[in-house]
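Undergrad: The file below is entry.cif, mmCIF, C-alpha atoms and all ligand atoms:
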data_run
#
loop_
_atom_site.label_atom_id
_atom_site.label_comp_id
_atom_site.auth_asym_id
_atom_site.auth_seq_id
_atom_site.Cartn_x
_atom_site.Cartn_y
_atom_site.Cartn_z
CA MET A 1 2.45 -19.44 27.68
CA THR A 2 4.13 -18.03 24.59
CA ALA A 3 2.93 -14.64 23.53
CA SER A 4 1.75 -15.14 19.95
CA ARG A 5 -0.51 -12.16 19.31
CA VAL A 6 0.33 -9.00 17.40
CA LEU A 7 -1.78 -5.85 17.27
CA VAL A 8 -1.38 -4.10 13.93
CA LEU A 9 -2.08 -0.36 13.83
CA ASN A 10 -2.41 1.72 10.69
CA SER A 11 -2.81 5.31 11.84
CA GLY A 12 -3.89 7.75 9.13
CA SER A 13 -4.53 11.47 9.36
CA SER A 14 -8.17 11.04 10.46
CA SER A 15 -8.48 7.29 10.94
CA VAL A 16 -6.98 4.31 12.74
CA LYS A 17 -7.34 0.81 11.31
CA TYR A 18 -6.41 -2.10 13.54
CA GLN A 19 -6.25 -5.86 13.58
CA LEU A 20 -5.32 -8.26 16.33
CA LEU A 21 -3.75 -11.39 14.87
CA ASP A 22 -2.72 -14.66 16.46
CA MET A 23 0.51 -15.68 14.75
CA ALA A 24 0.12 -19.29 15.91
CA ASP A 25 -2.37 -19.77 13.06
CA ALA A 26 -2.47 -16.32 11.39
CA SER A 27 -6.09 -15.91 12.53
CA ARG A 28 -7.85 -12.58 13.14
CA LEU A 29 -9.08 -12.13 16.70
CA ALA A 30 -10.33 -8.59 16.14
CA VAL A 31 -10.60 -6.21 13.21
CA GLY A 32 -11.70 -2.62 13.39
CA LEU A 33 -11.58 0.97 12.31
CA VAL A 34 -11.97 4.40 13.86
CA GLU A 35 -12.81 7.03 11.27
CA ARG A 36 -13.49 10.76 11.16
CA ILE A 37 -11.25 11.37 14.19
CA GLY A 38 -11.54 14.99 15.33
CA GLU A 39 -15.07 15.40 13.96
CA GLU A 40 -18.47 15.24 15.67
CA THR A 41 -19.38 12.21 13.61
CA SER A 42 -16.49 9.89 14.55
CA ARG A 43 -17.27 6.20 14.20
CA LEU A 44 -15.66 3.08 15.62
CA VAL A 45 -16.42 -0.30 14.10
CA HIS A 46 -15.12 -3.36 15.94
CA GLU A 47 -15.50 -6.95 14.82
CA THR A 48 -14.36 -10.29 16.17
CA PRO A 49 -14.22 -12.60 13.14
CA GLY A 50 -14.10 -15.68 15.40
CA GLY A 51 -17.65 -14.91 16.60
CA GLY A 52 -19.36 -12.55 19.00
CA GLY A 53 -20.71 -10.14 16.40
CA GLY A 54 -19.65 -6.61 15.65
CA ARG A 55 -20.09 -3.34 17.50
CA GLU A 56 -20.38 0.21 16.31
CA ARG A 57 -19.81 3.33 18.42
CA LEU A 58 -20.87 6.72 17.11
CA GLY A 59 -19.98 10.11 18.55
CA PRO A 60 -17.03 12.46 18.73
CA ILE A 61 -13.52 11.09 19.21
CA ALA A 62 -11.27 14.11 19.63
CA ASP A 63 -7.85 12.84 18.62
CA HIS A 64 -5.63 9.81 18.04
CA GLU A 65 -5.06 9.35 21.76
CA ALA A 66 -8.80 9.10 22.39
CA ALA A 67 -9.14 6.84 19.35
CA LEU A 68 -6.51 4.37 20.54
CA LYS A 69 -7.93 4.39 24.04
CA ALA A 70 -11.34 3.56 22.56
CA VAL A 71 -9.78 0.72 20.56
CA ALA A 72 -8.05 -0.58 23.70
CA ALA A 73 -11.39 -0.50 25.54
CA GLU A 74 -13.12 -2.47 22.77
CA LEU A 75 -10.37 -5.07 22.80
CA ALA A 76 -10.54 -5.29 26.61
CA ALA A 77 -14.31 -5.80 26.47
CA ASP A 78 -13.65 -8.94 24.42
CA GLY A 79 -10.98 -10.17 26.83
CA LEU A 80 -8.29 -9.16 24.31
CA GLY A 81 -6.94 -6.10 26.16
CA LEU A 82 -3.47 -4.65 25.73
CA ASP A 83 -2.54 -5.95 29.18
CA SER A 84 -2.81 -9.55 27.93
CA PRO A 85 0.40 -11.57 28.42
CA GLU A 86 -0.35 -13.18 25.08
CA LEU A 87 0.36 -9.94 23.23
CA ALA A 88 3.90 -10.06 21.79
CA ALA A 89 4.11 -6.73 19.99
CA VAL A 90 2.33 -3.88 18.30
CA GLY A 91 3.18 -3.55 14.59
CA HIS A 92 2.83 -0.04 13.20
CA ARG A 93 2.53 0.80 9.54
CA VAL A 94 4.88 3.69 8.86
CA VAL A 95 4.71 5.16 5.39
CA HIS A 96 8.17 6.71 4.93
CA GLY A 97 11.39 5.18 6.20
CA GLY A 98 13.72 7.27 4.02
CA THR A 99 17.12 5.67 3.45
CA ARG A 100 17.54 5.07 7.19
CA PHE A 101 14.97 2.29 7.68
CA THR A 102 15.27 -0.66 5.35
CA ARG A 103 13.76 -3.28 7.64
CA PRO A 104 11.24 -3.58 10.48
CA THR A 105 12.59 -1.77 13.52
CA VAL A 106 11.79 -1.87 17.24
CA VAL A 107 10.85 1.67 18.22
CA THR A 108 13.14 3.49 20.63
CA ASP A 109 13.23 7.22 21.39
CA GLU A 110 15.95 7.57 18.78
CA VAL A 111 13.95 5.66 16.15
CA LEU A 112 10.89 7.76 16.86
CA ALA A 113 12.94 10.94 16.44
CA GLU A 114 14.23 9.66 13.08
CA ILE A 115 10.70 8.88 11.88
CA ARG A 116 9.74 12.41 12.91
CA ASN A 117 12.72 13.76 10.93
CA LEU A 118 11.25 12.10 7.83
CA ILE A 119 8.00 14.08 8.07
CA PRO A 120 9.03 16.52 5.31
CA LEU A 121 9.18 13.54 2.92
CA ALA A 122 5.69 12.32 3.91
CA PRO A 123 3.85 15.28 5.44
CA LEU A 124 0.43 13.64 5.11
CA HIS A 125 1.33 10.25 6.57
CA ASN A 126 4.29 10.15 8.94
CA PRO A 127 2.80 12.58 11.52
CA ALA A 128 -0.17 10.28 12.16
CA ASN A 129 2.12 7.24 12.20
CA VAL A 130 4.27 8.94 14.84
CA THR A 131 1.23 9.82 16.95
CA GLY A 132 0.00 6.22 16.76
CA ILE A 133 3.33 4.95 18.06
CA GLU A 134 3.52 7.56 20.82
CA VAL A 135 0.06 6.78 22.12
CA ALA A 136 0.51 3.00 21.88
CA ARG A 137 3.69 3.31 23.93
CA THR A 138 1.83 5.09 26.71
CA LEU A 139 -0.88 2.42 26.79
CA ARG A 140 1.60 -0.34 27.61
CA ALA A 141 5.19 0.69 28.06
CA ASP A 142 6.79 -2.76 28.23
CA LEU A 143 5.39 -3.97 24.92
CA PRO A 144 7.71 -3.88 21.88
CA GLN A 145 6.44 -1.42 19.28
CA VAL A 146 7.67 -2.36 15.82
CA ALA A 147 7.67 0.08 12.91
CA VAL A 148 7.15 -1.56 9.51
CA PHE A 149 7.91 0.79 6.64
CA ASP A 150 6.07 1.07 3.32
CA THR A 151 9.34 2.03 1.65
CA ALA A 152 11.52 -0.76 3.08
CA PHE A 153 10.92 -3.47 0.47
CA HIS A 154 12.09 -1.09 -2.24
CA SER A 155 15.36 -0.20 -0.53
CA THR A 156 17.07 -2.94 -2.56
CA MET A 157 16.57 -1.02 -5.80
CA PRO A 158 19.95 -0.43 -7.44
CA GLU A 159 21.34 3.08 -7.08
CA HIS A 160 20.82 3.92 -10.77
CA VAL A 161 17.14 2.94 -10.45
CA ALA A 162 16.56 4.90 -7.26
CA ARG A 163 18.25 8.07 -8.53
CA TYR A 164 16.57 10.79 -10.56
CA ALA A 165 18.77 12.25 -13.28
CA ILE A 166 19.12 15.62 -11.55
CA ASP A 167 22.03 17.52 -10.04
CA ALA A 168 23.65 15.11 -7.60
CA ALA A 169 24.38 17.67 -4.87
CA THR A 170 20.81 18.97 -4.94
CA ALA A 171 19.45 15.42 -4.78
CA ARG A 172 21.67 14.67 -1.80
CA GLU A 173 20.84 17.87 0.05
CA TYR A 174 17.09 17.34 -0.19
CA ALA A 175 17.08 13.51 -0.03
CA ILE A 176 15.49 13.42 -3.50
CA ARG A 177 15.42 9.85 -4.81
CA ARG A 178 12.89 7.18 -5.62
CA TYR A 179 11.79 5.42 -2.43
CA GLY A 180 8.63 3.57 -3.57
CA PHE A 181 5.58 2.73 -1.44
CA HIS A 182 3.09 -0.12 -0.84
CA GLY A 183 6.21 -2.16 -0.07
CA THR A 184 4.49 -4.37 2.49
CA SER A 185 1.95 -5.37 -0.13
CA HIS A 186 4.55 -5.93 -2.86
CA ALA A 187 6.59 -8.10 -0.46
CA TYR A 188 3.60 -10.19 0.60
CA VAL A 189 2.16 -10.61 -2.89
CA SER A 190 5.44 -11.46 -4.63
CA ARG A 191 6.14 -14.15 -2.02
CA ALA A 192 2.58 -15.50 -2.24
CA THR A 193 2.90 -15.64 -6.02
CA ALA A 194 5.98 -17.86 -5.80
CA ALA A 195 3.99 -20.12 -3.46
CA LEU A 196 1.09 -20.17 -5.93
CA LEU A 197 3.51 -21.23 -8.68
CA GLY A 198 4.95 -23.86 -6.33
CA ARG A 199 8.48 -22.54 -6.83
CA PRO A 200 11.12 -21.11 -4.48
CA GLU A 201 10.87 -17.34 -4.25
CA ALA A 202 14.57 -17.01 -5.10
CA GLU A 203 13.95 -18.48 -8.57
CA VAL A 204 10.93 -16.45 -9.57
CA ASN A 205 10.71 -13.06 -11.34
CA VAL A 206 7.43 -11.28 -10.76
CA ILE A 207 5.74 -8.05 -11.85
CA VAL A 208 3.31 -7.00 -9.09
CA LEU A 209 0.49 -4.59 -9.96
CA HIS A 210 -0.99 -3.19 -6.73
CA LEU A 211 -4.11 -1.43 -7.97
CA GLY A 212 -6.07 0.13 -5.12
CA ASN A 213 -7.12 3.73 -4.83
CA GLY A 214 -3.40 4.41 -4.84
CA ALA A 215 -1.63 2.17 -7.36
CA SER A 216 1.92 1.00 -7.96
CA ALA A 217 3.85 -1.59 -9.93
CA SER A 218 7.03 -3.35 -8.92
CA ALA A 219 9.56 -5.65 -10.54
CA VAL A 220 10.77 -8.33 -8.14
CA ARG A 221 13.69 -10.57 -9.07
CA GLY A 222 14.07 -13.65 -6.90
CA GLY A 223 12.26 -11.99 -3.99
CA VAL A 224 14.28 -8.79 -4.26
CA CYS A 225 12.67 -5.57 -5.47
CA VAL A 226 14.61 -4.08 -8.41
CA GLU A 227 12.20 -1.37 -9.60
CA THR A 228 8.94 0.26 -8.56
CA SER A 229 6.69 2.92 -10.03
CA MET A 230 6.23 5.30 -7.09
CA GLY A 231 9.06 7.69 -6.34
CA LEU A 232 9.97 10.39 -3.83
CA THR A 233 6.26 10.40 -2.99
CA PRO A 234 3.33 8.18 -4.00
CA LEU A 235 2.53 10.54 -6.89
CA GLU A 236 4.76 8.97 -9.56
CA GLY A 237 3.84 6.09 -11.82
CA LEU A 238 0.48 4.59 -12.65
CA VAL A 239 -2.79 6.45 -13.17
CA MET A 240 -4.57 6.21 -9.80
CA GLY A 241 -7.95 7.01 -8.30
CA THR A 242 -7.10 10.65 -7.64
CA ARG A 243 -3.36 10.93 -8.54
CA SER A 244 -2.00 11.67 -11.98
CA GLY A 245 0.99 9.36 -11.84
CA ASP A 246 3.72 10.18 -14.36
CA LEU A 247 3.65 13.53 -16.09
CA ASP A 248 6.10 15.98 -17.59
CA PRO A 249 7.43 17.93 -14.56
CA ALA A 250 7.08 21.06 -16.69
CA VAL A 251 3.31 20.77 -16.22
CA VAL A 252 4.01 22.08 -12.72
CA PHE A 253 5.96 25.12 -13.98
CA HIS A 254 3.29 25.79 -16.58
CA LEU A 255 0.48 25.73 -14.01
CA ALA A 256 2.46 28.06 -11.76
CA ARG A 257 3.56 30.52 -14.45
CA VAL A 258 0.58 30.55 -16.75
CA GLY A 259 -2.19 29.43 -14.40
CA GLY A 260 -0.91 31.33 -11.36
CA LEU A 261 -1.50 28.30 -9.10
CA SER A 262 0.39 28.04 -5.82
CA VAL A 263 2.54 25.03 -4.94
CA ASP A 264 -0.14 23.81 -2.53
CA GLU A 265 -2.84 24.15 -5.16
CA ILE A 266 -0.79 22.15 -7.67
CA ASP A 267 -0.03 19.54 -4.99
CA SER A 268 -3.73 19.17 -4.29
CA LEU A 269 -4.61 19.14 -8.00
CA LEU A 270 -2.18 16.33 -8.81
CA ASN A 271 -2.69 14.24 -5.66
CA LYS A 272 -6.39 14.68 -4.95
CA LYS A 273 -8.14 15.84 -8.12
CA SER A 274 -6.35 13.97 -10.89
CA GLY A 275 -6.20 10.35 -12.06
CA LEU A 276 -9.56 8.75 -12.80
CA LEU A 277 -11.33 11.42 -10.75
CA GLY A 278 -9.74 14.26 -12.66
CA MET A 279 -10.33 12.69 -16.04
CA CYS A 280 -13.95 11.67 -15.62
CA GLY A 281 -15.28 12.78 -12.22
CA ASP A 282 -15.24 9.34 -10.55
CA ASN A 283 -12.32 7.73 -8.75
CA ASP A 284 -14.05 4.43 -7.97
CA MET A 285 -13.28 1.95 -10.72
CA ARG A 286 -16.75 0.38 -10.35
CA GLU A 287 -18.34 3.66 -11.36
CA VAL A 288 -15.85 4.22 -14.17
CA LEU A 289 -16.59 0.75 -15.56
CA ARG A 290 -20.34 1.21 -15.24
CA ARG A 291 -20.27 4.54 -17.06
CA ALA A 292 -17.84 3.30 -19.74
CA GLY A 293 -20.17 0.34 -20.26
CA GLU A 294 -22.96 2.80 -21.00
CA GLY A 295 -20.82 4.56 -23.57
CA ASP A 296 -19.81 7.59 -21.45
CA GLU A 297 -16.87 9.14 -23.30
CA ALA A 298 -14.97 10.69 -20.38
CA ALA A 299 -15.15 7.44 -18.39
CA THR A 300 -14.04 5.44 -21.45
CA VAL A 301 -10.98 7.64 -22.01
CA ALA A 302 -10.12 7.53 -18.29
CA PHE A 303 -10.32 3.73 -18.32
CA GLU A 304 -8.19 3.55 -21.46
CA ALA A 305 -5.58 5.91 -20.00
CA TYR A 306 -5.45 3.80 -16.83
CA VAL A 307 -4.95 0.60 -18.82
CA HIS A 308 -2.47 2.17 -21.26
CA ARG A 309 -0.23 3.22 -18.36
CA LEU A 310 -0.41 -0.30 -16.93
CA LYS A 311 0.65 -1.81 -20.25
CA LYS A 312 3.61 0.59 -20.47
CA TYR A 313 4.79 -0.51 -17.02
CA ILE A 314 4.32 -4.21 -17.81
CA GLY A 315 6.44 -3.71 -20.92
CA ALA A 316 9.08 -1.68 -19.11
CA TYR A 317 9.38 -4.13 -16.23
CA THR A 318 9.57 -7.05 -18.64
CA ALA A 319 12.62 -5.30 -20.08
CA VAL A 320 14.01 -4.61 -16.61
CA LEU A 321 13.65 -8.24 -15.50
CA GLY A 322 14.66 -9.86 -18.80
CA ARG A 323 12.62 -12.94 -17.92
CA VAL A 324 9.20 -12.74 -16.27
CA ASP A 325 7.57 -15.74 -14.62
CA ALA A 326 4.38 -14.04 -13.45
CA VAL A 327 2.38 -10.85 -13.70
CA VAL A 328 0.15 -10.56 -10.66
CA PHE A 329 -2.81 -8.30 -9.91
CA THR A 330 -3.72 -7.26 -6.37
CA ALA A 331 -5.66 -4.71 -4.21
CA GLY A 332 -9.22 -3.41 -4.75
CA VAL A 333 -9.09 -2.94 -8.52
CA GLY A 334 -6.58 -5.71 -9.26
CA GLU A 335 -8.48 -8.33 -7.24
CA ASN A 336 -11.97 -7.39 -8.41
CA ALA A 337 -11.98 -5.74 -11.82
CA HIS A 338 -11.67 -8.52 -14.43
CA GLN A 339 -12.18 -5.87 -17.14
CA VAL A 340 -9.01 -4.05 -16.07
CA ARG A 341 -7.01 -7.29 -15.99
CA ALA A 342 -8.28 -8.34 -19.43
CA ALA A 343 -7.58 -4.93 -20.98
CA ALA A 344 -4.11 -4.63 -19.40
CA VAL A 345 -3.00 -7.99 -20.78
CA ALA A 346 -4.76 -7.72 -24.18
CA GLY A 347 -2.31 -7.55 -27.06
CA LEU A 348 0.70 -8.55 -24.96
CA GLY A 349 0.97 -12.06 -26.48
CA GLY A 350 4.35 -11.00 -27.86
CA LEU A 351 5.57 -10.72 -24.24
CA GLY A 352 4.15 -14.17 -23.46
CA LEU A 353 1.05 -12.84 -21.69
CA GLU A 354 -2.31 -14.46 -22.28
CA LEU A 355 -5.51 -14.76 -20.29
CA ASP A 356 -7.90 -17.62 -19.74
CA ALA A 357 -11.10 -15.57 -20.09
CA GLU A 358 -13.17 -17.97 -18.01
CA ALA A 359 -10.66 -18.09 -15.13
CA ASN A 360 -10.36 -14.30 -15.25
CA GLY A 361 -14.11 -13.96 -14.83
CA VAL A 362 -14.26 -16.05 -11.65
CA ARG A 363 -14.62 -14.08 -8.40
CA SER A 364 -12.71 -15.57 -5.51
CA PRO A 365 -10.86 -14.41 -2.40
CA ARG A 366 -8.11 -16.98 -3.05
CA PRO A 367 -4.83 -16.63 -4.96
CA ARG A 368 -5.40 -18.01 -8.45
CA LEU A 369 -3.97 -18.28 -11.96
CA ILE A 370 -5.91 -16.59 -14.74
CA SER A 371 -3.63 -17.58 -17.64
CA PRO A 372 -3.87 -20.81 -19.67
CA PRO A 373 -1.79 -23.70 -18.22
CA ASP A 374 0.72 -23.60 -21.10
CA ALA A 375 1.26 -19.81 -21.02
CA ARG A 376 4.89 -18.62 -21.14
CA VAL A 377 4.19 -16.08 -18.37
CA ALA A 378 1.70 -16.86 -15.61
CA VAL A 379 -0.92 -14.20 -14.95
CA ALA A 380 -2.35 -14.35 -11.43
CA VAL A 381 -4.66 -12.65 -8.95
CA VAL A 382 -3.29 -12.70 -5.40
CA PRO A 383 -5.28 -10.86 -2.70
CA THR A 384 -2.95 -8.69 -0.67
CA ASP A 385 -2.82 -8.80 3.13
CA GLU A 386 -0.76 -5.90 4.46
CA GLU A 387 -1.85 -6.45 8.07
CA LEU A 388 -0.72 -10.07 8.05
CA GLU A 389 2.59 -9.03 6.51
CA ILE A 390 3.13 -6.30 9.14
CA ALA A 391 2.25 -8.76 11.91
CA THR A 392 4.54 -11.43 10.43
CA GLN A 393 7.48 -9.02 10.18
CA ALA A 394 6.90 -7.58 13.66
CA TYR A 395 6.52 -11.03 15.22
CA ALA A 396 9.63 -12.36 13.48
CA LEU A 397 11.61 -9.42 14.84
CA VAL A 398 10.52 -9.79 18.47
CA THR A 399 10.84 -13.57 18.57
CA GLN A 400 14.14 -13.98 16.74
P1 LIG B 501 -6.88 1.55 -0.79
O1 LIG B 501 -6.36 0.55 0.22
O2 LIG B 501 -5.84 2.12 -1.69
O3 LIG B 501 -7.82 2.57 -0.24
P2 LIG B 501 -8.25 -0.71 -2.00
O4 LIG B 501 -7.15 -1.64 -2.32
O5 LIG B 501 -9.23 -1.09 -0.97
O6 LIG B 501 -7.75 0.77 -1.80
O7 LIG B 501 -9.05 -0.44 -3.37
C1 LIG B 501 -10.11 0.45 -3.41
C2 LIG B 501 -10.57 0.59 -4.85
O8 LIG B 501 -10.86 -0.71 -5.39
C3 LIG B 501 -11.89 1.35 -4.97
O9 LIG B 501 -11.67 2.73 -5.11
C4 LIG B 501 -12.47 0.78 -6.25
O10 LIG B 501 -12.05 1.59 -7.33
C5 LIG B 501 -11.81 -0.57 -6.42
N1 LIG B 501 -12.77 -1.68 -6.34
C6 LIG B 501 -13.24 -2.31 -5.26
N2 LIG B 501 -14.12 -3.27 -5.61
C7 LIG B 501 -14.19 -3.25 -6.95
C8 LIG B 501 -14.92 -4.00 -7.92
N3 LIG B 501 -15.75 -4.96 -7.58
N4 LIG B 501 -14.71 -3.70 -9.22
C9 LIG B 501 -13.89 -2.70 -9.59
N5 LIG B 501 -13.17 -1.97 -8.72
C10 LIG B 501 -13.33 -2.24 -7.43
#
Would it be possible to restate this file's structure as structure tokens?
Ligand code: ADP
TA:
Amino acid sequence: MTASRVLVLNSGSSSVKYQLLDMADASRLAVGLVERIGEETSRLVHETPGGGGGRERLGPIADHEAALKAVAAELAADGLGLDSPELAAVGHRVVHGGTRFTRPTVVTDEVLAEIRNLIPLAPLHNPANVTGIEVARTLRADLPQVAVFDTAFHSTMPEHVARYAIDAATAREYAIRRYGFHGTSHAYVSRATAALLGRPEAEVNVIVLHLGNGASASAVRGGVCVETSMGLTPLEGLVMGTRSGDLDPAVVFHLARVGGLSVDEIDSLLNKKSGLLGMCGDNDMREVLRRAGEGDEAATVAFEAYVHRLKKYIGAYTAVLGRVDAVVFTAGVGENAHQVRAAAVAGLGGLGLELDAEANGVRSPRPRLISPPDARVAVAVVPTDEELEIATQAYALVTQ
């Protein structure tokens, strides 16, 4: 029997999301989530999409080790335990790969130590990713653990794109450069867009707009990422749910000098209390749209700022690519908010962008075109699937 299953783990600071996929047909055997790890009110939700119904477990789960053990127990209860010979690998989402990891990598002690060394670049994410890997290794030692990095897809950005225009020695000493994030999603969606257009990936230039709670844009030339909007950290670029995206770095000095804020306070302000939330008090685009629809001024300005930033990036990446075949929307906002798509493309006829209003209004979980058939640049909605992409990359690595 060939082992064709991959368990995908996405370990966050207080949550673990998991999916068990069968790569023979890309089907989901189990999908679940443990949240509020370390609190009294932890919750595990486990579903088997193929049938059998879902289960929910409430009650304290102390740490990531307990969480992963609980996940393993749920899987075992469905006959899908980690001891199954059909399991080929565990694929771990790892947020920051620095310049060291540019492709999926089988975890060894040395690799784990390197991921740990990158913690200063991703203090909120890499520690939980490391813990997830460590615990998974103890649950079944002989199983390949594959780290799939959020930064990897962007490692092909040319040096002059990845560099900030700061003192070169300082940049080198502190590893300051633009790494980019959401790479797994940008890789999956740009490839799926080529398939939607029915053209080889190598011939297609795509602008991907990943608009979730975090949001980023990328310019992908022939399947190769040449530019992305996030930088050293996920703070740069688009207006997001709670992050400011681009701003004059002097805002930071001003807040410190004039406002007396500490570095940690400014970090929290810009990462957690800015973006849509900071501008209008809501970070969920559904609420922003509802309030703007009722004439609420703060929500209207927040929406307009969000869309304005998107337009600037579409324009910039059109210039970077020279020729654009498709602009594609993905993730929670991109897949669901037709108002955001319509507003982002409005007035960009000069760049060849037009919408078919009726197609844009259709709700569907499938990849689809929302531009008229004769448009110079295709506009598309392509649902992202980061778990499938992680599983695909991990499986390809262990079966090559
Ligand atoms: P992440 O993975 O970054 O947490 P998602 O890609 O799941 O985020 O996107 C979550 C966001 O998608 C929500 O905060 C919400 O703003 C937005 N969203 C989800 N559904 C809709 C909808 N129907 N209309 C508008 N926005 C939506």
Undergrad: Would you mind listing the residues within 9 Å of ligand LIG 501 (chain B), counting all atoms listed in the file, as a list of chain:residue names?
TA: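 Counting all atoms listed in the file, the residues within 9 Å of ligand LIG 501 (chain B) come out as A:His210, A:Leu211, A:Gly212, A:Asn213, A:Gly214, A:Ala215, A:Gly241, A:Asp282, A:Asn283, A:Asp284, A:Met285, A:Arg286, A:Glu287, A:Val288, A:Leu289, A:Thr330, A:Ala331, A:Gly332, A:Val333, A:Gly334, A:Glu335, A:Asn336, A:Ala337, A:His338, A:Gln339, A:Val340, A:Thr384.
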Undergrad: Near Tyr306 of chain A, counting only C-alpha atoms, which residues have an atom at most 10 Å away, once you skip same-chain residues fewer than 3 positions from it, shown as a PyMOL selection string?
TA: chain A and resi 238-241+244-245+275-276+300-303+309-311+340+343-344
Undergrad: Show me, as a PyMOL selection string, the residues that have an atom within 12 Å of Tyr18 of chain A when counting all atoms listed in the file, minus same-chain residues fewer than 5 positions from it.
TA: chain A and resi 6-12+28-35+44-48+67-68+70-72+74-75+90-93+132+136+386-388+390-391
Undergrad: Write the residues of the selection above to a file with C-alpha atoms, as a PDB file, in the coordinates of the input.
TA:
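again.pdb was written with the following content:
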ATOM      1  CA  VAL A   6       0.330  -9.000  17.400  1.00  0.00           C
ATOM      2  CA  LEU A   7      -1.780  -5.850  17.270  1.00  0.00           C
ATOM      3  CA  VAL A   8      -1.380  -4.100  13.930  1.00  0.00           C
ATOM      4  CA  LEU A   9      -2.080  -0.360  13.830  1.00  0.00           C
ATOM      5  CA  ASN A  10      -2.410   1.720  10.690  1.00  0.00           C
ATOM      6  CA  SER A  11      -2.810   5.310  11.840  1.00  0.00           C
ATOM      7  CA  GLY A  12      -3.890   7.750   9.130  1.00  0.00           C
ATOM      8  CA  ARG A  28      -7.850 -12.580  13.140  1.00  0.00           C
ATOM      9  CA  LEU A  29      -9.080 -12.130  16.700  1.00  0.00           C
ATOM     10  CA  ALA A  30     -10.330  -8.590  16.140  1.00  0.00           C
ATOM     11  CA  VAL A  31     -10.600  -6.210  13.210  1.00  0.00           C
ATOM     12  CA  GLY A  32     -11.700  -2.620  13.390  1.00  0.00           C
ATOM     13  CA  LEU A  33     -11.580   0.970  12.310  1.00  0.00           C
ATOM     14  CA  VAL A  34     -11.970   4.400  13.860  1.00  0.00           C
ATOM     15  CA  GLU A  35     -12.810   7.030  11.270  1.00  0.00           C
ATOM     16  CA  LEU A  44     -15.660   3.080  15.620  1.00  0.00           C
ATOM     17  CA  VAL A  45     -16.420  -0.300  14.100  1.00  0.00           C
ATOM     18  CA  HIS A  46     -15.120  -3.360  15.940  1.00  0.00           C
ATOM     19  CA  GLU A  47     -15.500  -6.950  14.820  1.00  0.00           C
ATOM     20  CA  THR A  48     -14.360 -10.290  16.170  1.00  0.00           C
ATOM     21  CA  ALA A  67      -9.140   6.840  19.350  1.00  0.00           C
ATOM     22  CA  LEU A  68      -6.510   4.370  20.540  1.00  0.00           C
ATOM     23  CA  ALA A  70     -11.340   3.560  22.560  1.00  0.00           C
ATOM     24  CA  VAL A  71      -9.780   0.720  20.560  1.00  0.00           C
ATOM     25  CA  ALA A  72      -8.050  -0.580  23.700  1.00  0.00           C
ATOM     26  CA  GLU A  74     -13.120  -2.470  22.770  1.00  0.00           C
ATOM     27  CA  LEU A  75     -10.370  -5.070  22.800  1.00  0.00           C
ATOM     28  CA  VAL A  90       2.330  -3.880  18.300  1.00  0.00           C
ATOM     29  CA  GLY A  91       3.180  -3.550  14.590  1.00  0.00           C
ATOM     30  CA  HIS A  92       2.830  -0.040  13.200  1.00  0.00           C
ATOM     31  CA  ARG A  93       2.530   0.800   9.540  1.00  0.00           C
ATOM     32  CA  GLY A 132       0.000   6.220  16.760  1.00  0.00           C
ATOM     33  CA  ALA A 136       0.510   3.000  21.880  1.00  0.00           C
ATOM     34  CA  GLU A 386      -0.760  -5.900   4.460  1.00  0.00           C
ATOM     35  CA  GLU A 387      -1.850  -6.450   8.070  1.00  0.00           C
ATOM     36  CA  LEU A 388      -0.720 -10.070   8.050  1.00  0.00           C
ATOM     37  CA  ILE A 390       3.130  -6.300   9.140  1.00  0.00           C
ATOM     38  CA  ALA A 391       2.250  -8.760  11.910  1.00  0.00           C
TER      39      ALA A 391
END
Undergrad: Quick one: of A:Ile207, A:Arg5, A:Val263, A:Cys225, who's nearest to Gly315 of chain A, counting all atoms listed in the file?
TA: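 For Gly315 of chain A, the nearest of the candidates is A:Ile207.
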Undergrad: What lies within 10 Å of Val135 of chain A using all atoms listed in the file, ignoring chain neighbours under 5 positions off, as a ChimeraX atom specification?
TA: /A:64-69,130,140-141
Undergrad: Using C-alpha atoms, can you write the selected residues to a file as a CSV table (one decimal), keeping the file's coordinate frame?
TA:
chain,number,residue,atom,x,y,z
A,64,HIS,CA,-5.6,9.8,18.0
A,65,GLU,CA,-5.1,9.4,21.8
A,66,ALA,CA,-8.8,9.1,22.4
A,67,ALA,CA,-9.1,6.8,19.4
A,68,LEU,CA,-6.5,4.4,20.5
A,69,LYS,CA,-7.9,4.4,24.0
A,130,VAL,CA,4.3,8.9,14.8
A,140,ARG,CA,1.6,-0.3,27.6
A,141,ALA,CA,5.2,0.7,28.1
Undergrad: Check the smallest atom-to-atom distance from each of A:Gly260, A:Gly295, A:Asp267, A:Ala326 to Arg191 of chain A using all atoms listed in the file, then report the winner.
TA: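 Smallest separation from Arg191 of chain A among the options: A:Ala326.
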Undergrad: Hey, which of A:Ala346, A:Leu369, A:Ala375, A:Val381 ends up closest to Gly198 of chain A? Count all atoms listed in the file.
TA: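 Of all the options, A:Leu369 lies closest to Gly198 of chain A.
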Undergrad: Could you list, as a ChimeraX atom specification, every residue within 10 Å of segment 152-168 of chain A, counting all atoms listed in the file and ignoring same-chain residues fewer than 3 positions away?
TA: /A:94-104,148-149,171-173,176-188,218-220,223-228,230-232
Undergrad: With all atoms listed in the file counted, which protein, DNA or RNA residues have an atom no more than 10 Å from (-2.7, -21.2, -15.2) in the file frame? Please answer as a VMD selection string.
TA: chain A and resid 197 354 to 356 359 368 to 380
Undergrad: Measuring between all atoms listed in the file, which one of A:Leu397, A:Tyr174, A:Gly52, A:Leu20 shows the shortest distance to Ser84 of chain A?
TA: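 Selected residue with least distance to Ser84 of chain A: A:Leu20.
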